[in-house]
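Raw final-v3.csv, CSV, C-alpha atoms:
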```csv
chain,number,residue,atom,x,y,z
M,181,MET,CA,51.3,95.3,124.7
M,182,SER,CA,48.5,95.0,122.2
M,183,ALA,CA,45.6,97.5,121.9
M,184,ALA,CA,42.4,97.0,123.9
M,185,PRO,CA,40.2,94.3,122.4
M,186,LYS,CA,37.2,95.7,120.6
M,187,VAL,CA,34.2,95.0,122.8
M,188,VAL,CA,31.1,94.3,120.7
M,189,PRO,CA,27.9,93.4,122.4
M,190,GLU,CA,27.5,90.0,120.8
M,191,ALA,CA,31.1,88.9,121.5
M,192,ASN,CA,30.9,87.7,125.1
M,193,PRO,CA,34.5,87.4,126.4
M,194,LEU,CA,33.5,84.2,128.1
M,195,PHE,CA,33.8,82.6,124.7
M,196,ASP,CA,37.3,83.9,124.3
M,197,LYS,CA,39.7,80.9,124.8
M,198,LYS,CA,42.4,83.3,126.1
M,199,LEU,CA,40.1,84.3,129.0
M,200,LEU,CA,39.5,80.7,129.9
M,201,GLN,CA,43.3,80.0,129.7
M,202,ALA,CA,44.1,83.0,131.9
M,203,PHE,CA,41.9,81.6,134.7
M,204,VAL,CA,43.2,78.0,134.3
M,205,ASP,CA,46.8,79.2,134.4
M,206,GLY,CA,46.0,81.5,137.4
M,207,VAL,CA,44.7,78.5,139.4
M,208,ILE,CA,47.4,76.1,138.4
M,209,LYS,CA,50.3,78.6,138.9
M,210,THR,CA,49.0,79.8,142.2
M,211,LEU,CA,48.4,76.4,143.8
M,212,ALA,CA,51.8,75.0,142.5
M,213,THR,CA,53.8,78.0,143.7
M,214,ILE,CA,52.3,78.9,147.0
M,215,ALA,CA,50.9,75.5,148.1
M,216,GLN,CA,53.0,73.0,146.2
M,217,THR,CA,49.7,71.5,145.1
M,218,GLU,CA,48.9,70.1,141.6
M,219,ALA,CA,45.5,70.9,140.2
M,220,LYS,CA,44.1,69.2,137.1
M,221,VAL,CA,41.7,71.1,135.0
M,222,GLY,CA,38.5,69.3,133.9
M,223,LYS,CA,36.2,70.1,131.0
M,224,PRO,CA,34.8,73.6,131.2
M,225,PHE,CA,31.2,74.3,130.4
M,226,ILE,CA,28.7,77.2,130.2
M,227,GLU,CA,25.7,77.7,132.5
M,228,ASN,CA,22.9,80.2,131.9
M,229,GLU,CA,23.3,82.2,135.1
M,230,LEU,CA,25.6,82.4,138.1
M,231,THR,CA,24.1,80.2,140.8
M,232,GLU,CA,26.0,78.2,143.4
M,233,LYS,CA,25.4,75.8,146.2
M,234,GLY,CA,28.5,75.1,148.4
M,235,GLU,CA,30.3,75.3,151.7
M,236,ILE,CA,33.0,78.0,151.1
M,237,ALA,CA,33.7,80.3,148.2
M,238,GLY,CA,35.8,83.3,147.4
M,239,MET,CA,34.2,86.0,145.3
M,240,VAL,CA,35.6,89.0,143.6
M,241,GLY,CA,33.9,91.7,141.4
M,242,MET,CA,35.8,92.1,138.2
M,243,VAL,CA,35.6,95.5,136.6
M,244,ALA,CA,37.1,96.4,133.2
M,245,PRO,CA,34.9,99.2,131.8
M,246,PRO,CA,32.6,98.7,130.0
M,247,LEU,CA,32.7,95.1,131.2
M,248,LYS,CA,31.6,94.0,134.7
M,249,GLY,CA,31.8,90.5,136.0
M,250,THR,CA,32.2,88.2,138.9
M,251,LEU,CA,34.8,85.5,139.7
M,252,LEU,CA,33.7,82.8,142.2
M,253,ILE,CA,35.9,80.0,143.4
M,254,SER,CA,33.9,77.4,145.3
M,255,PHE,CA,35.7,74.7,147.3
M,256,LYS,CA,34.6,71.4,148.7
M,257,ARG,CA,35.8,71.2,152.2
M,258,GLU,CA,38.3,68.3,151.4
M,259,ALA,CA,39.8,70.4,148.7
M,260,ILE,CA,40.5,73.5,150.8
M,261,PHE,CA,41.7,71.4,153.7
M,262,HIS,CA,44.2,69.6,151.4
M,263,ILE,CA,45.5,72.9,149.9
M,264,MET,CA,45.9,74.4,153.4
M,265,GLU,CA,47.8,71.5,154.7
M,266,ASN,CA,50.2,71.8,151.8
M,267,MET,CA,50.4,75.6,152.0
M,268,LEU,CA,50.7,76.1,155.8
M,269,GLY,CA,51.3,72.7,157.3
M,270,GLU,CA,48.0,73.1,159.1
M,271,LYS,CA,45.4,70.3,159.4
M,272,HIS,CA,41.8,71.5,159.4
M,273,THR,CA,38.6,69.5,159.9
M,274,GLU,CA,36.1,72.2,160.0
M,275,ILE,CA,35.4,75.4,158.1
M,276,ASN,CA,36.4,78.3,160.4
M,277,THR,CA,37.8,81.8,160.1
M,278,GLU,CA,41.3,80.5,159.2
M,279,VAL,CA,39.9,78.5,156.3
M,280,SER,CA,37.8,81.4,155.3
M,281,ASP,CA,40.9,83.7,155.3
M,282,ALA,CA,42.9,81.2,153.2
M,283,VAL,CA,40.1,81.1,150.6
M,284,GLY,CA,40.1,84.9,150.5
M,285,GLU,CA,43.9,85.0,149.9
M,286,LEU,CA,43.8,82.2,147.3
M,287,THR,CA,41.0,84.1,145.4
M,288,ASN,CA,43.1,87.2,145.6
M,289,MET,CA,46.2,85.5,144.1
M,290,ILE,CA,44.3,83.6,141.4
M,291,TYR,CA,42.4,86.8,140.3
M,292,GLY,CA,45.7,88.8,140.4
M,293,THR,CA,47.5,86.2,138.3
M,294,ALA,CA,44.6,85.9,135.8
M,295,LYS,CA,44.1,89.7,135.7
M,296,THR,CA,47.8,90.3,134.8
M,297,ALA,CA,47.5,87.9,131.9
M,298,LEU,CA,44.2,89.4,130.8
M,299,ASN,CA,45.5,93.0,131.0
M,300,GLN,CA,48.5,92.0,128.9
M,301,MET,CA,46.0,91.0,126.2
M,302,GLY,CA,44.5,94.4,126.3
M,303,TYR,CA,41.7,94.1,128.9
M,304,ASN,CA,41.8,96.6,131.7
M,305,PHE,CA,40.6,94.7,134.8
M,306,GLU,CA,41.0,96.7,138.1
M,307,MET,CA,42.3,95.6,141.5
M,308,ALA,CA,39.6,94.4,143.9
M,309,ILE,CA,39.5,93.0,147.4
M,310,PRO,CA,37.7,89.5,147.5
M,311,SER,CA,35.0,88.5,149.9
M,312,VAL,CA,34.3,85.0,151.2
M,313,ILE,CA,31.0,83.2,151.6
M,314,ARG,CA,31.1,80.6,154.3
M,315,GLY,CA,28.7,78.0,155.7
M,316,GLU,CA,26.2,76.1,153.6
M,317,PHE,CA,25.1,78.7,151.1
M,318,ILE,CA,22.9,78.9,148.0
M,319,LEU,CA,23.6,81.7,145.6
M,320,SER,CA,20.4,81.9,143.6
M,321,LYS,CA,20.4,83.7,140.2
M,322,SER,CA,22.9,86.1,141.5
M,323,THR,CA,23.9,87.3,138.1
M,324,LYS,CA,22.0,86.9,134.9
M,325,GLY,CA,24.1,86.0,131.9
M,326,ALA,CA,26.2,83.2,130.8
M,327,THR,CA,28.7,81.7,133.3
M,328,LEU,CA,31.8,79.9,132.5
M,329,VAL,CA,32.4,77.0,134.9
M,330,ILE,CA,35.9,75.5,135.1
M,331,PRO,CA,36.2,72.3,137.3
M,332,PHE,CA,39.5,71.3,138.9
M,333,ASP,CA,40.6,68.0,140.6
M,334,LEU,CA,43.2,67.6,143.3
M,335,LYS,CA,45.4,64.5,144.1
M,336,ASN,CA,43.2,63.6,147.1
M,337,SER,CA,40.3,63.2,144.7
M,338,SER,CA,38.7,66.4,146.0
M,339,THR,CA,37.3,69.1,143.7
M,340,PHE,CA,36.7,72.8,143.4
M,341,HIS,CA,35.6,75.0,140.6
M,342,VAL,CA,35.9,78.4,139.2
M,343,LYS,CA,32.9,80.4,137.8
M,344,VAL,CA,33.3,83.5,135.7
M,345,THR,CA,30.4,85.7,134.7
M,346,VAL,CA,30.7,88.7,132.5
M,347,GLN,CA,27.8,91.1,132.2
M,348,MET,CA,27.5,92.8,128.9
V,14,MET,CA,72.5,88.7,154.3
V,15,PHE,CA,70.6,90.3,157.2
V,16,PRO,CA,71.6,89.1,160.7
V,17,ASN,CA,69.2,86.5,162.3
V,18,ASP,CA,68.1,88.8,165.1
V,19,ILE,CA,66.7,91.5,162.8
V,20,LYS,CA,63.1,92.4,163.6
V,21,PHE,CA,60.6,92.0,160.8
V,22,LEU,CA,57.1,93.5,160.5
V,23,VAL,CA,54.8,91.6,158.2
V,24,VAL,CA,51.7,93.6,157.1
V,25,ASP,CA,48.8,91.9,155.4
V,26,ASP,CA,45.0,92.0,155.8
V,27,PHE,CA,45.0,88.2,155.2
V,28,ALA,CA,46.3,86.1,158.2
V,29,THR,CA,47.1,83.4,155.7
V,30,MET,CA,49.6,85.5,153.8
V,31,ARG,CA,51.2,86.6,157.2
V,32,LYS,CA,51.5,82.9,158.1
V,33,ILE,CA,53.1,82.0,154.8
V,34,ILE,CA,55.7,84.9,155.0
V,35,LYS,CA,56.4,84.1,158.7
V,36,LYS,CA,56.9,80.4,157.8
V,37,VAL,CA,59.4,81.3,155.1
V,38,LEU,CA,61.2,83.7,157.4
V,39,ASN,CA,61.4,81.1,160.1
V,40,GLU,CA,62.8,78.6,157.6
V,41,LEU,CA,65.5,81.2,156.7
V,42,GLY,CA,66.4,81.5,160.4
V,43,TYR,CA,64.4,84.7,161.2
V,44,THR,CA,62.2,84.3,164.3
V,45,ASN,CA,61.8,87.9,165.4
V,46,VAL,CA,58.7,88.6,163.4
V,47,GLU,CA,55.7,90.8,164.3
V,48,GLU,CA,52.5,91.3,162.4
V,49,ALA,CA,50.0,94.0,161.5
V,50,ASP,CA,46.8,93.6,159.5
V,51,ASP,CA,47.0,96.9,157.6
V,52,GLY,CA,49.1,100.0,157.1
V,53,LYS,CA,47.1,102.0,159.7
V,54,ASN,CA,48.1,99.6,162.4
V,55,ALA,CA,51.6,99.1,161.1
V,56,LEU,CA,52.7,102.7,161.0
V,57,PRO,CA,52.4,103.4,164.8
V,58,MET,CA,54.1,100.1,165.5
V,59,LEU,CA,57.1,101.2,163.3
V,60,GLN,CA,57.2,104.7,164.8
V,61,ALA,CA,57.0,103.4,168.4
V,62,ALA,CA,59.7,100.8,167.8
V,63,ALA,CA,62.0,103.4,166.2
V,64,THR,CA,61.7,105.8,169.1
V,65,SER,CA,62.0,103.1,171.7
V,66,GLY,CA,65.5,102.2,170.4
V,67,GLN,CA,64.4,98.7,169.3
V,68,PRO,CA,63.5,99.5,165.7
V,69,PHE,CA,62.2,97.1,163.1
V,70,GLY,CA,64.9,96.2,160.5
V,71,PHE,CA,62.7,95.1,157.7
V,72,VAL,CA,59.1,95.6,156.5
V,73,ILE,CA,57.3,93.1,154.3
V,74,SER,CA,53.9,94.5,153.3
V,75,ASP,CA,51.0,93.6,151.1
V,76,TRP,CA,49.9,96.4,148.7
V,77,ASN,CA,46.1,95.9,148.5
V,78,MET,CA,44.7,96.4,152.0
V,79,PRO,CA,41.7,98.2,153.4
V,80,GLY,CA,42.5,101.0,155.9
V,81,MET,CA,45.9,102.0,154.6
V,82,THR,CA,47.4,100.4,151.6
V,83,GLY,CA,51.0,99.1,151.4
V,84,ILE,CA,52.0,101.9,149.0
V,85,ASP,CA,50.6,104.5,151.4
V,86,LEU,CA,52.5,102.9,154.3
V,87,LEU,CA,55.7,103.0,152.2
V,88,LYS,CA,55.1,106.7,151.4
V,89,ALA,CA,54.5,107.4,155.1
V,90,CYS,CA,57.7,105.7,156.1
V,91,LYS,CA,59.7,107.7,153.5
V,92,ALA,CA,58.2,110.9,154.9
V,93,ASP,CA,59.3,109.9,158.5
V,94,ALA,CA,62.9,110.8,159.4
V,95,ASN,CA,63.2,107.7,161.6
V,96,LEU,CA,61.8,105.3,159.1
V,97,LYS,CA,63.0,106.5,155.7
V,98,ASN,CA,66.0,104.1,155.5
V,99,LEU,CA,64.0,101.1,156.6
V,100,PRO,CA,64.2,98.2,154.1
V,101,PHE,CA,60.6,97.9,152.7
V,102,MET,CA,59.4,95.1,150.5
V,103,LEU,CA,56.0,95.1,148.8
V,104,VAL,CA,54.2,91.8,148.3
V,105,THR,CA,51.3,91.9,145.9
V,106,ALA,CA,49.3,90.2,143.3
V,107,GLU,CA,49.9,93.1,141.0
V,108,SER,CA,52.7,92.6,138.5
V,109,GLU,CA,51.8,95.2,136.0
V,110,GLN,CA,54.4,97.7,134.9
V,111,LYS,CA,52.5,100.7,136.1
V,112,HIS,CA,52.4,99.3,139.7
V,113,ILE,CA,56.0,98.4,139.7
V,114,LEU,CA,56.9,101.9,138.5
V,115,GLU,CA,54.7,103.5,141.2
V,116,ALA,CA,56.4,101.4,143.8
V,117,ALA,CA,59.9,102.2,142.5
V,118,LYS,CA,59.0,105.9,142.5
V,119,ALA,CA,57.9,105.7,146.1
V,120,GLY,CA,61.3,104.2,147.0
V,121,VAL,CA,60.4,100.5,147.6
V,122,SER,CA,63.5,98.3,148.3
V,123,ASP,CA,62.1,95.5,146.2
V,124,TYR,CA,58.8,94.0,145.0
V,125,VAL,CA,57.6,90.4,145.2
V,126,VAL,CA,54.7,89.2,143.1
V,127,LYS,CA,52.2,86.7,144.6
V,128,PRO,CA,52.2,83.7,144.3
V,129,PHE,CA,55.9,83.3,145.2
V,130,ASN,CA,58.0,80.5,146.8
V,131,ALA,CA,60.6,80.5,149.6
V,132,ALA,CA,63.5,80.7,147.1
V,133,THR,CA,62.1,83.8,145.4
V,134,LEU,CA,61.5,85.6,148.7
V,135,LYS,CA,65.0,84.7,149.9
V,136,ALA,CA,66.6,86.0,146.6
V,137,LYS,CA,64.7,89.3,146.9
V,138,MET,CA,65.8,89.7,150.5
V,139,GLU,CA,69.4,89.2,149.6
V,140,ARG,CA,69.1,91.8,146.9
V,141,VAL,CA,67.6,94.3,149.4
V,142,TYR,CA,70.4,93.6,151.8
V,143,GLN,CA,73.0,94.3,149.1
V,144,ARG,CA,71.3,97.5,148.0
V,145,HIS,CA,70.9,98.8,151.6
V,146,SER,CA,74.4,97.8,152.7
V,147,ALA,CA,76.0,99.3,149.6
V,148,ALA,CA,74.3,102.7,149.8
V,149,PRO,CA,72.2,103.3,152.8
V,150,ALA,CA,72.4,107.0,152.6
V,151,ALA,CA,71.4,107.1,148.9
V,152,LYS,CA,68.1,105.4,149.8
V,153,ALA,CA,67.2,108.2,152.2
V,154,SER,CA,66.9,110.9,149.6
```
In C-alpha cells, how does this file's structure come out?
Amino acid sequence: MSAAPKVVPEANPLFDKKLLQAFVDGVIKTLATIAQTEAKVGKPFIENELTEKGEIAGMVGMVAPPLKGTLLISFKREAIFHIMENMLGEKHTEINTEVSDAVGELTNMIYGTAKTALNQMGYNFEMAIPSVIRGEFILSKSTKGATLVIPFDLKNSSTFHVKVTVQM
Amino acid sequence: MFPNDIKFLVVDDFATMRKIIKKVLNELGYTNVEEADDGKNALPMLQAAATSGQPFGFVISDWNMPGMTGIDLLKACKADANLKNLPFMLVTAESEQKHILEAAKAGVSDYVVKPFNAATLKAKMERVYQRHSAAPAAKAS
C-alpha cells in the first residue's frame, strides 16, 4: 500500500483521474455483480456546486480527514425500476419504500467498492451509512465547491448519475 | 454442505439485501430463513431459539448497521455459551485488511464482500460447512 497522498489546497482530488475511475468501477462492478445489469459510463463533467433535481437519490457523507465530501447517486425512475427487476425479480411502477431501500443499499455498495479502491491508493475514507432522498426533490446549493458529475446509461435507455463533491 | 432444513437468520438494516440473500438461499434449496433488521433485534431471536430447542443453524449478518453492528453481534454470540459455535458469516461492503482481521479475531466463520453473486455466497457457505464440521470444538474457544 502506498503512502497517503499529499493533500495540497489547490489540488482538488476531483481532478484526480484515479478518483473518477474508482467511482466508475464501483458503479459498473456493483450493478454487474449484484444485479446482472450492464451500465455504460458517459462523459464526466464538472459543475460549480452540488445541486440536484430528481426523483430518488442515495447520498453518503464521505470523510477522509482533512477531506470531507458527498457522494450522491440520483436515479430516473425507469433506471432504478430496471435495476430492481434484474436484482430482485420485482417489477415496480412507483417510487415507494422498497425502491428507496434498494437505492440505499446500492449507494452503500457503490461507496464501499469505490472507498476500498481509494483507500488502497492512500486515502482514508471512513465507513458511513447512506441516506435516501425520495419524491420530487430539489437540492439547492447544498455544498459549495466543484462537483464531479458522472452520467451512466442502462440498456433500457434509462439513465442515472453519480455526483461527487469534495470540500477543501 | 448444510442440510436443507437448517434455519438461517439473515440480519441487515436494508430489506433489499435481506431479499437478495434470501433469494440466493432459496435458489440453493434453503427455505427456512428468518430476518432481523439489526443486531439488537437479532440477538434475542438467536437466544430464544437456542433455549427453545429449535436453534438457528447459520447467521448471515451485515456489518454496518445502526443499533448493533454485525461485529458486535458476532462478539455477543461468541460470549454466549449457547451461541458460540453457531456458524456466523459477515456480509459487508468493507474489504479492507483491517476489517477482515478484526472479523477473524472476533471468530467469524467467513466473510463475504458486497457486491457478491450467488456462486460466491455458495462457495463461502461450503467453506464454512467444512470448517465447522471438521473442528466444531476448536471454534468454541
Counting all atoms listed in the file, chain M residues within 9 Å of chain V, as an NGL selection string: :M and (209-215 or 267-268 or 278-279 or 281-285 or 288-293 or 295-296 or 299-300 or 307-309)
Which of M:Thr217, M:Thr273, M:Asn304, M:Thr231 sits closest to Thr250 of chain M [using only C-alpha atoms]: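 Ranking M:Thr217, M:Thr273, M:Asn304, M:Thr231 by distance to Thr250 of chain M, first place goes to M:Thr231.
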Distance atom CA of Ala244 of chain M-atom CA of Gly222 of chain M, one decimal place? 27.1 Å
Using only C-alpha atoms, which of the listed residues (V:Ser122, V:Ser74, V:Thr82, V:Gln143) sits closest to Glu47 of chain V? V:Ser74
Atom completion result for segment 41-56 of chain V (N, CA and C atoms) as an mmCIF file, in the coordinates of the input:
```
data_model
loop_
_atom_site.group_PDB
_atom_site.id
_atom_site.type_symbol
_atom_site.label_atom_id
_atom_site.label_comp_id
_atom_site.auth_asym_id
_atom_site.auth_seq_id
_atom_site.Cartn_x
_atom_site.Cartn_y
_atom_site.Cartn_z
ATOM 1 N N LEU V 41 64.202 80.516 157.049
ATOM 2 C CA LEU V 41 65.500 81.200 156.700
ATOM 3 C C LEU V 41 66.238 81.587 157.995
ATOM 4 N N GLY V 42 65.672 81.266 159.162
ATOM 5 C CA GLY V 42 66.400 81.500 160.400
ATOM 6 C C GLY V 42 65.950 82.813 161.114
ATOM 7 N N TYR V 43 64.908 83.481 160.591
ATOM 8 C CA TYR V 43 64.400 84.700 161.200
ATOM 9 C C TYR V 43 63.208 84.452 162.061
ATOM 10 N N THR V 44 63.361 84.631 163.359
ATOM 11 C CA THR V 44 62.200 84.300 164.300
ATOM 12 C C THR V 44 61.652 85.519 164.947
ATOM 13 N N ASN V 45 62.291 86.667 164.799
ATOM 14 C CA ASN V 45 61.800 87.900 165.400
ATOM 15 C C ASN V 45 60.847 88.595 164.442
ATOM 16 N N VAL V 46 59.620 88.104 164.415
ATOM 17 C CA VAL V 46 58.700 88.600 163.400
ATOM 18 C C VAL V 46 57.377 89.040 164.084
ATOM 19 N N GLU V 47 56.989 90.299 163.833
ATOM 20 C CA GLU V 47 55.700 90.800 164.300
ATOM 21 C C GLU V 47 54.767 91.024 163.168
ATOM 22 N N GLU V 48 53.481 91.165 163.497
ATOM 23 C CA GLU V 48 52.500 91.300 162.400
ATOM 24 C C GLU V 48 51.557 92.440 162.617
ATOM 25 N N ALA V 49 51.043 92.959 161.496
ATOM 26 C CA ALA V 49 50.000 94.000 161.500
ATOM 27 C C ALA V 49 49.030 93.686 160.385
ATOM 28 N N ASP V 50 47.753 94.017 160.573
ATOM 29 C CA ASP V 50 46.800 93.600 159.500
ATOM 30 C C ASP V 50 46.471 94.732 158.531
ATOM 31 N N ASP V 51 47.037 95.905 158.702
ATOM 32 C CA ASP V 51 47.000 96.900 157.600
ATOM 33 C C ASP V 51 47.973 98.035 157.939
ATOM 34 N N GLY V 52 48.119 98.956 156.986
ATOM 35 C CA GLY V 52 49.100 100.000 157.100
ATOM 36 C C GLY V 52 48.805 100.933 158.317
ATOM 37 N N LYS V 53 47.517 101.135 158.578
ATOM 38 C CA LYS V 53 47.100 102.000 159.700
ATOM 39 C C LYS V 53 47.590 101.517 161.013
ATOM 40 N N ASN V 54 47.577 100.216 161.181
ATOM 41 C CA ASN V 54 48.100 99.600 162.400
ATOM 42 C C ASN V 54 49.595 99.492 162.425
ATOM 43 N N ALA V 55 50.147 99.304 161.237
ATOM 44 C CA ALA V 55 51.600 99.100 161.100
ATOM 45 C C ALA V 55 52.397 100.347 161.429
ATOM 46 N N LEU V 56 51.920 101.494 160.927
ATOM 47 C CA LEU V 56 52.700 102.700 161.000
ATOM 48 C C LEU V 56 53.020 103.097 162.501
#
```
